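K.L.:
Below are the structure tokens for one structure; questions will follow.
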Amino acid sequence: MHFKIFPSLFEKPQKIRFEHQEEKERIELFLRRHPVTNIPWIVASLIGLALPILTPFIEQFLGTTLLLQIPVQILVGFLVIYYLIILAYIIESFLFWYFNVYIVTNQHIVDINFNSVLSKEVIEVSLDDVESISRKMGGLWHALFVYGDVIIETAAKQQRITFDKVPNPDFVVDVIQDLVSARKLFFEGDKK
Amino acid sequence: MEIGSQVFTLESGLQLIFKAGFIIFAVLYFIFSLIVIRQVKLMTETVVTEGGAIIRALAIIFAGLSLGVIVLFIGFL
């Protein structure tokens, strides 16, 4: 089952670049977490949005009149604040999903993380340092939507990079392995 | 207690406290929206995508909305 509304896997994208991308470096794969991983915060937001609408019915069901005793202006004020908090939650959740990306280029593997507001972490490892690549898929949800983790062990200072919950991990592993092999062949050819 | 023609009751006092609280919240929220603009700038500079310009525009609209909330709280509540 594939999601096309918010693509999270791009092959050789032409209109995407990243900071410190070298001149001859081209992006082979651009990945985000699978869109299905957004479902928990989307559902939580929808419930949050619907809650004030349901409150009068809940109150009617319980037989209380608490809402009627609060002045309308105060009630409106609280309602506005409530929806602003939900809006902030939606914006932050979307931004973190959209900009926390994994990039595979013909030279590097790049993991860009925005851990919190105004803080970022960019891990860049050369393809030459890649030692092993594995995938991890577990559970019905992962099998149904075809996503999982890709774990890359490296000889670099940053010993492990994990592509967390990316779509089609088998394909991602294949692409990285092909790139690593091609690079090794290229350098071996150079030595001869 | 009666001062001039205005009568201060517990209810009106509470309303005033709430209104002040709402305005403080709105100001803090506006500051947060400015941080979001800065955050989006940082993000769109790090990862340049087609949707970057739209997201930057949305962040500015969000800050405008937050400013509108301050006006709402000052003027209408």
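Order determines the names: the first chain of the structure tokens is A, the second B, and so forth; residues in each chain are numbered 1 upward, and ligands are numbered 1 upward as they are shown.
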Please provide as a PyMOL selection string all residues within 8 Å of range 28-40 of chain A, with the sequence filter that same-chain residues fewer than 6 positions apart are discarded (counting only C-alpha atoms).

P.N.:
chain A and resi 3+6-13+97-106+145+147+164-167+172

K.L.:
Give me, as a VMD selection string, the contact residues of chain B against chain A at a cut-off of 6 Å, counting only C-alpha atoms.

P.N.:
chain B and resid 39 46 to 49 77

K.L.:
Just the number, please: distance in Å from CA of Phe163 in chain A to CA of Arg183 in chain A, one decimal.

P.N.:
21.1 Å

K.L.:
Which residues come within 9 Å of Phe32 in chain B, counting only C-alpha atoms, excluding same-chain residues fewer than 5 positions away, as a PyMOL selection string?

P.N.:
(chain A and resi 88) or (chain B and resi 27+37+63+66)

K.L.:
Within chain A, find each residue whose DSSP state, derived from the backbone, is strand (DSSP E), and express the selection as number ranges by chain.

P.N.:
A: 9-11, 17-18, 27-31, 101-105, 108-116, 119-126, 130-136, 147-154, 160-167

K.L.:
Filtering to C-alpha atoms, could you give me those residues as a PDB file, in the first residue's frame?

P.N.:
```
ATOM      1  CA  LEU A   9      10.946   8.777  -1.364  1.00  0.00           C
ATOM      2  CA  PHE A  10      12.462  10.644  -4.301  1.00  0.00           C
ATOM      3  CA  GLU A  11      14.832   9.096  -6.796  1.00  0.00           C
ATOM      4  CA  ARG A  17      19.365  20.549  -2.753  1.00  0.00           C
ATOM      5  CA  PHE A  18      20.912  20.621   0.686  1.00  0.00           C
ATOM      6  CA  ILE A  27      21.326  13.356  -4.950  1.00  0.00           C
ATOM      7  CA  GLU A  28      20.461   9.716  -5.675  1.00  0.00           C
ATOM      8  CA  LEU A  29      17.828   9.243  -2.979  1.00  0.00           C
ATOM      9  CA  PHE A  30      15.925  11.678  -0.838  1.00  0.00           C
ATOM     10  CA  LEU A  31      13.917  10.172   2.001  1.00  0.00           C
ATOM     11  CA  VAL A 101      15.383  13.943   5.953  1.00  0.00           C
ATOM     12  CA  TYR A 102      17.857  11.337   4.828  1.00  0.00           C
ATOM     13  CA  ILE A 103      19.866  11.932   1.677  1.00  0.00           C
ATOM     14  CA  VAL A 104      21.988   9.525  -0.309  1.00  0.00           C
ATOM     15  CA  THR A 105      24.249  11.185  -2.841  1.00  0.00           C
ATOM     16  CA  HIS A 108      27.832  10.816   0.895  1.00  0.00           C
ATOM     17  CA  ILE A 109      25.063   9.676   3.165  1.00  0.00           C
ATOM     18  CA  VAL A 110      23.505  12.630   4.938  1.00  0.00           C
ATOM     19  CA  ASP A 111      21.172  12.539   7.917  1.00  0.00           C
ATOM     20  CA  ILE A 112      19.574  15.904   8.706  1.00  0.00           C
ATOM     21  CA  ASN A 113      17.841  16.118  12.067  1.00  0.00           C
ATOM     22  CA  PHE A 114      16.002  19.030  13.579  1.00  0.00           C
ATOM     23  CA  ASN A 115      15.714  17.779  17.128  1.00  0.00           C
ATOM     24  CA  SER A 116      13.978  20.803  18.574  1.00  0.00           C
ATOM     25  CA  SER A 119      18.538  23.213  16.680  1.00  0.00           C
ATOM     26  CA  LYS A 120      19.829  21.030  13.894  1.00  0.00           C
ATOM     27  CA  GLU A 121      22.182  18.119  13.536  1.00  0.00           C
ATOM     28  CA  VAL A 122      23.709  17.158  10.201  1.00  0.00           C
ATOM     29  CA  ILE A 123      25.565  13.852   9.996  1.00  0.00           C
ATOM     30  CA  GLU A 124      27.505  13.343   6.803  1.00  0.00           C
ATOM     31  CA  VAL A 125      29.386  10.151   6.086  1.00  0.00           C
ATOM     32  CA  SER A 126      31.349   9.294   2.963  1.00  0.00           C
ATOM     33  CA  VAL A 130      30.185   2.385   4.679  1.00  0.00           C
ATOM     34  CA  GLU A 131      30.892  -1.067   6.083  1.00  0.00           C
ATOM     35  CA  SER A 132      27.516  -2.765   6.166  1.00  0.00           C
ATOM     36  CA  ILE A 133      23.882  -1.994   5.494  1.00  0.00           C
ATOM     37  CA  SER A 134      20.924  -3.773   6.971  1.00  0.00           C
ATOM     38  CA  ARG A 135      17.158  -3.325   7.085  1.00  0.00           C
ATOM     39  CA  LYS A 136      14.686  -3.876   9.846  1.00  0.00           C
ATOM     40  CA  TYR A 147       8.356   0.761   5.523  1.00  0.00           C
ATOM     41  CA  GLY A 148      11.126   0.104   8.006  1.00  0.00           C
ATOM     42  CA  ASP A 149      14.546   1.111   9.272  1.00  0.00           C
ATOM     43  CA  VAL A 150      17.737   1.075   7.240  1.00  0.00           C
ATOM     44  CA  ILE A 151      20.825   0.745   9.429  1.00  0.00           C
ATOM     45  CA  ILE A 152      24.167   1.791   7.994  1.00  0.00           C
ATOM     46  CA  GLU A 153      27.317   0.843   9.885  1.00  0.00           C
ATOM     47  CA  THR A 154      30.306   2.967   9.026  1.00  0.00           C
ATOM     48  CA  ARG A 160      25.943   4.193  12.781  1.00  0.00           C
ATOM     49  CA  ILE A 161      23.302   6.033  10.794  1.00  0.00           C
ATOM     50  CA  THR A 162      19.712   4.880  10.971  1.00  0.00           C
ATOM     51  CA  PHE A 163      17.162   5.855   8.380  1.00  0.00           C
ATOM     52  CA  ASP A 164      14.150   5.703  10.620  1.00  0.00           C
ATOM     53  CA  LYS A 165      10.861   4.325   9.219  1.00  0.00           C
ATOM     54  CA  VAL A 166      11.612   5.042   5.581  1.00  0.00           C
ATOM     55  CA  PRO A 167       9.501   3.649   2.733  1.00  0.00           C
TER      56      PRO A 167
END
```
